[in-house]
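Everything on this sheet refers to the single structure shown next.
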Amino acid sequence: MCVMDETGQVMRGAVDVWPREAGVTRRGFVIGAGLGAGALLAAATAGRVLPWRAWLGAAGDRLGGVDVVPGGSGVAVRDYALHSRYADGPVGYSIAWPPGTRRGDSLLVCFALPGRGGGPPMGFADHAARLVERGESSPYAVVGVDGGVSYWHKRASGEDRLSMLLRELIPLCARRHRLGGAGKGRAIIGWSMGGYGALLAAETAPELFAAVVAVSPAVWTSYDAMMLGPRDAFDSAADFAEFDVI
């Protein structure tokens, strides 16, 4: 994965690699989830519903369980900052364009939400690009965004990353970068806290998304259960009730 500056020169390379584990690697699991978003997006925009068991089997065949990180996929990534009305300080976001496309091309898009405190989760963009090169997927851009720690809903502090995503980032990507555009040309994926955020975003604005993927979403069945864990995901029982996705 390469990051380009304004002149098109490579600024830095950054592909996280985790050690091999038994069965599917952690990296493979992250990539598999990303492929799920792309597969669901392609299926939904084609007017089909893809059962999750069928997708899981197909993803396993493609991933092969281990060593699925391709090198030199030709993905072009750029980093940006959004000065939001709903979050203190600039919110970082990154866009990955698959090979054979460039900035300004009208593309489907998958928005990616990280776990708590994470930066833009761009890890699966390389492998998705290889599927595009092999003709196994329609080309789509990946837009990752900083997650913060406020659990993707309006908080007593005033921070509201859900509104940042729905009211600022998604319209900005459509207007400035021609990603998603009109209709349901968008998918959304999230991990942990971001998995909860993906579910909440799709529940709040279902007209915006063709597909949603939640990987190990950080959700609880009650406010009291949440208070046995992180304790700060919701401000009160009433806050939990308002933004509960179960």
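Chain labels run A, B, ... following the order of the structure tokens; each chain numbers its residues from 1, and ligands are numbered from 1 in the order shown.
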
Give me, as a PDB file with N, CA, C and O atoms, in the first residue's frame, all polymer residues having an atom no more than 6 Å from Lys184 of chain A, counting only C-alpha atoms and skipping those fewer than 4 positions away in the same chain.
```pdb
ATOM      1  N   LEU A 208     -28.587   5.254   2.943  1.00  0.00           N
ATOM      2  CA  LEU A 208     -27.235   5.582   2.486  1.00  0.00           C
ATOM      3  C   LEU A 208     -26.406   4.362   2.119  1.00  0.00           C
ATOM      4  O   LEU A 208     -25.398   4.488   1.432  1.00  0.00           O
ATOM      5  N   PHE A 209     -26.790   3.175   2.599  1.00  0.00           N
ATOM      6  CA  PHE A 209     -25.896   2.026   2.502  1.00  0.00           C
ATOM      7  C   PHE A 209     -26.554   0.838   1.817  1.00  0.00           C
ATOM      8  O   PHE A 209     -27.702   0.508   2.069  1.00  0.00           O
ATOM      9  N   ALA A 210     -25.768   0.187   0.966  1.00  0.00           N
ATOM     10  CA  ALA A 210     -26.203  -1.055   0.336  1.00  0.00           C
ATOM     11  C   ALA A 210     -25.854  -2.254   1.195  1.00  0.00           C
ATOM     12  O   ALA A 210     -26.457  -3.317   1.065  1.00  0.00           O
TER      13      ALA A 210
END
```

key: Residues within 12 Å of Leu172 of chain A, only C-alpha atoms, excluding chain neighbours under 5 positions, as a VMD selection string   = chain A and resid 80 to 84 93 143 164 to 167 177 to 181

Store the residues of this selection in a file with C-alpha atoms, as a PDB file, in the first residue's frame.
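File part03.pdb, as written:
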```
ATOM      1  CA  TYR A  80      -6.749  13.879   4.659  1.00  0.00           C
ATOM      2  CA  ALA A  81      -8.082  15.831   7.637  1.00  0.00           C
ATOM      3  CA  LEU A  82     -11.675  16.912   8.168  1.00  0.00           C
ATOM      4  CA  HIS A  83     -12.360  19.923  10.363  1.00  0.00           C
ATOM      5  CA  SER A  84     -15.663  18.811  11.813  1.00  0.00           C
ATOM      6  CA  TYR A  93      -9.417  10.023   7.106  1.00  0.00           C
ATOM      7  CA  VAL A 143     -12.437   5.328   3.060  1.00  0.00           C
ATOM      8  CA  MET A 164     -19.617  13.687  11.442  1.00  0.00           C
ATOM      9  CA  LEU A 165     -19.791  10.524   9.362  1.00  0.00           C
ATOM     10  CA  LEU A 166     -23.330  10.888   8.000  1.00  0.00           C
ATOM     11  CA  ARG A 167     -23.563  14.654   7.583  1.00  0.00           C
ATOM     12  CA  HIS A 177     -14.078  12.618  -4.506  1.00  0.00           C
ATOM     13  CA  ARG A 178     -17.075  11.203  -6.469  1.00  0.00           C
ATOM     14  CA  LEU A 179     -17.280   8.178  -4.167  1.00  0.00           C
ATOM     15  CA  GLY A 180     -20.639   6.506  -3.590  1.00  0.00           C
ATOM     16  CA  GLY A 181     -22.612   9.218  -5.330  1.00  0.00           C
TER      17      GLY A 181
END
```

request  = May I have the residues within 10 Å of segment 144-150 of chain A as a count of residues only, using only C-alpha atoms and disregarding those fewer than 3 positions away in the same chain?
outcome  = 49

task = May I have the residues within 7 Å of Ala129 of chain A as a list in words, using only C-alpha atoms and disregarding those fewer than 3 positions away in the same chain?
result = Ser73, Val75, Pro98, Pro99, Ala125, Asp126, Val132 and Glu133 of chain A

request  = Apply DSSP to the structure's backbone, then extract all residues of segment 63-185 of chain A labelled helix (DSSP H, G or I) and return them as a PyMOL selection string.
outcome  = chain A and resi 63+125-133+161-177

Taking N, CA and C atoms for each residue, export the selection above as a PDB file, in the first residue's frame.
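Resulting contents of part_1.pdb:
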```pdb
ATOM      1  N   LEU A  63      -9.133 -16.690   0.627  1.00  0.00           N
ATOM      2  CA  LEU A  63      -8.082 -16.327   1.559  1.00  0.00           C
ATOM      3  C   LEU A  63      -7.093 -17.453   1.773  1.00  0.00           C
ATOM      4  N   ALA A 125      -7.420  -2.996   1.960  1.00  0.00           N
ATOM      5  CA  ALA A 125      -7.488  -2.375   0.640  1.00  0.00           C
ATOM      6  C   ALA A 125      -6.561  -3.051  -0.369  1.00  0.00           C
ATOM      7  N   ASP A 126      -5.384  -3.513   0.086  1.00  0.00           N
ATOM      8  CA  ASP A 126      -4.451  -4.178  -0.832  1.00  0.00           C
ATOM      9  C   ASP A 126      -5.053  -5.449  -1.416  1.00  0.00           C
ATOM     10  N   HIS A 127      -5.612  -6.281  -0.551  1.00  0.00           N
ATOM     11  CA  HIS A 127      -6.147  -7.550  -1.046  1.00  0.00           C
ATOM     12  C   HIS A 127      -7.379  -7.326  -1.911  1.00  0.00           C
ATOM     13  N   ALA A 128      -8.215  -6.378  -1.513  1.00  0.00           N
ATOM     14  CA  ALA A 128      -9.380  -6.057  -2.341  1.00  0.00           C
ATOM     15  C   ALA A 128      -8.941  -5.636  -3.738  1.00  0.00           C
ATOM     16  N   ALA A 129      -7.824  -4.913  -3.800  1.00  0.00           N
ATOM     17  CA  ALA A 129      -7.309  -4.485  -5.105  1.00  0.00           C
ATOM     18  C   ALA A 129      -6.902  -5.680  -5.965  1.00  0.00           C
ATOM     19  N   ARG A 130      -6.333  -6.712  -5.337  1.00  0.00           N
ATOM     20  CA  ARG A 130      -5.947  -7.897  -6.104  1.00  0.00           C
ATOM     21  C   ARG A 130      -7.170  -8.606  -6.688  1.00  0.00           C
ATOM     22  N   LEU A 131      -8.257  -8.632  -5.933  1.00  0.00           N
ATOM     23  CA  LEU A 131      -9.488  -9.227  -6.440  1.00  0.00           C
ATOM     24  C   LEU A 131     -10.011  -8.442  -7.641  1.00  0.00           C
ATOM     25  N   VAL A 132      -9.866  -7.128  -7.586  1.00  0.00           N
ATOM     26  CA  VAL A 132     -10.265  -6.291  -8.723  1.00  0.00           C
ATOM     27  C   VAL A 132      -9.411  -6.625  -9.932  1.00  0.00           C
ATOM     28  N   GLU A 133      -8.095  -6.751  -9.710  1.00  0.00           N
ATOM     29  CA  GLU A 133      -7.189  -7.065 -10.817  1.00  0.00           C
ATOM     30  C   GLU A 133      -7.529  -8.404 -11.466  1.00  0.00           C
ATOM     31  N   ARG A 161     -19.626  11.683  16.553  1.00  0.00           N
ATOM     32  CA  ARG A 161     -18.954  11.169  15.355  1.00  0.00           C
ATOM     33  C   ARG A 161     -19.922  10.531  14.373  1.00  0.00           C
ATOM     34  N   LEU A 162     -21.086  10.135  14.822  1.00  0.00           N
ATOM     35  CA  LEU A 162     -22.070   9.625  13.876  1.00  0.00           C
ATOM     36  C   LEU A 162     -22.513  10.734  12.933  1.00  0.00           C
ATOM     37  N   SER A 163     -22.805  11.919  13.476  1.00  0.00           N
ATOM     38  CA  SER A 163     -23.179  13.049  12.617  1.00  0.00           C
ATOM     39  C   SER A 163     -22.018  13.471  11.730  1.00  0.00           C
ATOM     40  N   MET A 164     -20.785  13.398  12.272  1.00  0.00           N
ATOM     41  CA  MET A 164     -19.617  13.687  11.442  1.00  0.00           C
ATOM     42  C   MET A 164     -19.580  12.777  10.228  1.00  0.00           C
ATOM     43  N   LEU A 165     -19.825  11.496  10.453  1.00  0.00           N
ATOM     44  CA  LEU A 165     -19.791  10.524   9.362  1.00  0.00           C
ATOM     45  C   LEU A 165     -20.926  10.754   8.365  1.00  0.00           C
ATOM     46  N   LEU A 166     -22.160  10.843   8.878  1.00  0.00           N
ATOM     47  CA  LEU A 166     -23.330  10.888   8.000  1.00  0.00           C
ATOM     48  C   LEU A 166     -23.528  12.248   7.345  1.00  0.00           C
ATOM     49  N   ARG A 167     -23.245  13.311   8.073  1.00  0.00           N
ATOM     50  CA  ARG A 167     -23.563  14.654   7.583  1.00  0.00           C
ATOM     51  C   ARG A 167     -22.390  15.375   6.942  1.00  0.00           C
ATOM     52  N   GLU A 168     -21.168  14.903   7.241  1.00  0.00           N
ATOM     53  CA  GLU A 168     -20.001  15.609   6.708  1.00  0.00           C
ATOM     54  C   GLU A 168     -19.156  14.716   5.805  1.00  0.00           C
ATOM     55  N   LEU A 169     -18.663  13.607   6.337  1.00  0.00           N
ATOM     56  CA  LEU A 169     -17.692  12.822   5.575  1.00  0.00           C
ATOM     57  C   LEU A 169     -18.315  12.172   4.346  1.00  0.00           C
ATOM     58  N   ILE A 170     -19.467  11.523   4.499  1.00  0.00           N
ATOM     59  CA  ILE A 170     -20.081  10.856   3.349  1.00  0.00           C
ATOM     60  C   ILE A 170     -20.456  11.855   2.258  1.00  0.00           C
ATOM     61  N   PRO A 171     -21.128  12.983   2.588  1.00  0.00           N
ATOM     62  CA  PRO A 171     -21.393  13.979   1.532  1.00  0.00           C
ATOM     63  C   PRO A 171     -20.113  14.550   0.926  1.00  0.00           C
ATOM     64  N   LEU A 172     -19.079  14.757   1.760  1.00  0.00           N
ATOM     65  CA  LEU A 172     -17.815  15.276   1.250  1.00  0.00           C
ATOM     66  C   LEU A 172     -17.189  14.317   0.249  1.00  0.00           C
ATOM     67  N   CYS A 173     -17.202  13.028   0.568  1.00  0.00           N
ATOM     68  CA  CYS A 173     -16.610  12.038  -0.343  1.00  0.00           C
ATOM     69  C   CYS A 173     -17.388  11.959  -1.647  1.00  0.00           C
ATOM     70  N   ALA A 174     -18.706  12.127  -1.581  1.00  0.00           N
ATOM     71  CA  ALA A 174     -19.499  12.114  -2.809  1.00  0.00           C
ATOM     72  C   ALA A 174     -19.236  13.359  -3.645  1.00  0.00           C
ATOM     73  N   ARG A 175     -19.167  14.499  -2.987  1.00  0.00           N
ATOM     74  CA  ARG A 175     -19.021  15.766  -3.705  1.00  0.00           C
ATOM     75  C   ARG A 175     -17.588  15.990  -4.194  1.00  0.00           C
ATOM     76  N   ARG A 176     -16.631  15.792  -3.313  1.00  0.00           N
ATOM     77  CA  ARG A 176     -15.244  16.125  -3.642  1.00  0.00           C
ATOM     78  C   ARG A 176     -14.524  15.004  -4.374  1.00  0.00           C
ATOM     79  N   HIS A 177     -14.833  13.753  -3.975  1.00  0.00           N
ATOM     80  CA  HIS A 177     -14.078  12.618  -4.506  1.00  0.00           C
ATOM     81  C   HIS A 177     -14.897  11.710  -5.415  1.00  0.00           C
TER      82      HIS A 177
END
```
